[in-house]
Amino acid sequence: MTKSKKTIAIFGASGFLGSSIVLALSQSNHNLKLFSRNKEKIKLWTVNPHVQIFNLDLNNLTQIKKDLKKTDVIINLLGILHQNKKESFDNIHHIWPSHLAKVMQDLGIKRLLHVSALGASVKAPSLYLKSKALGESELLKQIDLDLTILRPSIIFGAKDNFINMFKILVKWLPAIVLLSPNSKFQPIFVDDVSKILIKTLFDKTTYGKMYDLGGPDIYSLKDIIRLIIRSKKLTRIIIPLNRSLSYLFAFIMEMMPIKILTRDNWRSMEVDNVVNTQREISHRYSLERLEHYLSSKKSISPVRSKYDFYRTKSGR
């Protein structure tokens, strides 16, 4: 990383990945501007003299442009797994990146690091993956941007929503119903994603490129559940569902007041979430293996993160 002091703006600073990146960058000599739609979650950073926090209103581009003055680098992490009446996939993943590019152009800010999703494609079966691909396309059109796009597989860590959801289900249920049990994933540890992202921040060889990010191992969803059960030293029954029953189960779950799973999530799971070796990024350190992580103390979620997990799922 460059030693010269820069001002880095992070959109989505209060999220799971954002929190890890902010923690890592707060130990550098850079100034940070943290933007969040939930400013309350990042207020603890006000004690750091090199950190400013901003409430993010995506409909107020004038204020965003004002807050971004004298910024050198922007990291865009904004994303949602479930859409609702207030926030749609198209607004967050597609329209927002195009608006951000326009604001950057107006202010003369060139460097953008954008986090998308592995499997993003306009031909994907889910609205989530299609919207991610459309956002990438909008940014790739911008010839004045020094753009790097990172597309991680599922990210795991103490506060993730994917592995932790299944850990809770495994703990309390004698049988686990699995949609798309043979879908492939290449889970990557949150701190590894942060390291890779920070390493690319000022690396000019990454400008104009797109990279897939994944961990060292590829698992089916059934494999992941087995690892979780084994790590808990429990005995559980796994009930794999075929495609028709998977759709029906996803439909029923979508009707629940707490959004754990939707039909669009299931459609995303229909696409194998593994790295294309032609878009793999090089790194010089070993990545955390999910199996090792689950058997370590790092996988123990603090009480607060469990509380936040349920708040997120209930839309609060």
# chains A, B, ... in the order shown; residues from 1 in each chain; ligands from 1

$ residues_around --residues "range 91-96 of chain A" --least-positions-apart "3" --cutoff "9 Å" --atoms "only C-alpha atoms" --output "PDB file with C-alpha atoms, in the first residue's frame"
ATOM      1  CA  LEU A  58     -29.096   7.615  -1.952  1.00  0.00           C
ATOM      2  CA  LEU A  78     -23.453  -1.359  -0.925  1.00  0.00           C
ATOM      3  CA  GLY A  79     -25.603  -4.432  -1.400  1.00  0.00           C
ATOM      4  CA  ILE A  80     -28.746  -6.179  -0.178  1.00  0.00           C
ATOM      5  CA  GLU A  87     -34.888  -0.887  -1.291  1.00  0.00           C
ATOM      6  CA  SER A  88     -34.805  -2.767  -4.582  1.00  0.00           C
ATOM      7  CA  HIS A  99     -25.023   7.662  -9.919  1.00  0.00           C
ATOM      8  CA  LEU A 100     -21.782   7.216  -7.997  1.00  0.00           C
ATOM      9  CA  ALA A 101     -19.789   7.203 -11.250  1.00  0.00           C
ATOM     10  CA  SER A 116     -19.983  -7.121  -6.722  1.00  0.00           C
ATOM     11  CA  TYR A 128     -30.007 -10.277  -7.420  1.00  0.00           C
ATOM     12  CA  SER A 131     -28.760  -6.423 -10.898  1.00  0.00           C
ATOM     13  CA  LYS A 132     -25.152  -6.968  -9.793  1.00  0.00           C
ATOM     14  CA  ALA A 133     -24.140  -7.550 -13.430  1.00  0.00           C
ATOM     15  CA  LEU A 134     -25.975  -4.419 -14.586  1.00  0.00           C
ATOM     16  CA  GLY A 135     -24.108  -2.386 -11.953  1.00  0.00           C
ATOM     17  CA  GLU A 136     -20.803  -3.763 -13.213  1.00  0.00           C
ATOM     18  CA  SER A 137     -21.753  -2.849 -16.798  1.00  0.00           C
ATOM     19  CA  GLU A 138     -22.576   0.730 -15.812  1.00  0.00           C
TER      20      GLU A 138
END

$ closest_atom_pairs --of "range 218-237 of chain A" --to "range 160-174 of chain A" --cutoff "8 Å" --atoms "only C-alpha atoms" --output "tab-separated table"
residue	atom	partner	partner_atom	distance
A:Ile225	CA	A:Phe166	CA	7.1
A:Ile228	CA	A:Lys167	CA	6.4
A:Ile229	CA	A:Val170	CA	6.5
A:Lys232	CA	A:Lys171	CA	7.8
A:Thr235	CA	A:Pro174	CA	7.8
A:Arg236	CA	A:Pro174	CA	5.3
A:Ile237	CA	A:Pro174	CA	6.4

$ closest_residue --among "A:Ala13, A:Leu234, A:Val274, A:Val73" --to "Ile42 in chain A" --atoms "only C-alpha atoms"
A:Ala13

$ select_by_dssp --residues "range 260-295 of chain A" --states "alpha helix (DSSP H)" --output "VMD selection string"
chain A and resid 263 to 269 290 to 294

$ atom_distance --atom1 "CA of Gly208 in chain A" --atom2 "CA of Ile109 in chain A"
15.2 Å

$ closest_residue --among "A:Asn276, A:Ser19, A:Asn55, A:Ile10" --to "Lys33 in chain A" --atoms "only C-alpha atoms"
A:Ile10

$ atom_distance --atom1 "CA of Phe156 in chain A" --atom2 "CA of Leu290 in chain A"
7.9 Å

$ residues_around --residues "Ile198 in chain A" --least-positions-apart "6" --cutoff "10 Å" --atoms "only C-alpha atoms" --output "list in words"
Met1, Ile21, Ala24, Leu25, Ile75, Leu113 and Asp192 of chain A

$ atom_distance --atom1 "CA of Asp67 in chain A" --atom2 "CA of Thr206 in chain A"
26.7 Å

$ closest_residue --among "A:Ile238, A:Leu197, A:Leu140, A:Leu261" --to "Gly18 in chain A" --atoms "only C-alpha atoms"
A:Leu197

$ closest_residue --among "A:Leu294, A:Leu287, A:Leu61, A:Leu118" --to "Val103 in chain A" --atoms "only C-alpha atoms"
A:Leu61

$ select_by_dssp --residues "range 19-212 of chain A" --states "strand (DSSP E)" --output "PyMOL selection string"
chain A and resi 31-36+51-55+73-76+111-115+146-152+155-156+175-178+184-185+188-189+209-212

$ residues_around --residues "Asp264 in chain A" --least-positions-apart "6" --cutoff "9 Å" --atoms "only C-alpha atoms" --output "ChimeraX atom specification"
/A:82,125-128,250

$ residues_around --residues "Leu56 in chain A" --least-positions-apart "5" --cutoff "9 Å" --atoms "only C-alpha atoms" --output "ChimeraX atom specification"
/A:11-12,35-39,63-64

$ residues_around --residues "range 176-191 of chain A" --least-positions-apart "6" --cutoff "9 Å" --atoms "only C-alpha atoms" --output "PyMOL selection string"
chain A and resi 16-17+20-21+24+152-158+160+166+169-170+213-225+236-243+245-247+249-250+266+269-275+287-290+293

$ closest_residue --among "A:Leu112, A:Leu44, A:Ile281, A:Leu32" --to "Leu145 in chain A" --atoms "only C-alpha atoms"
A:Leu112
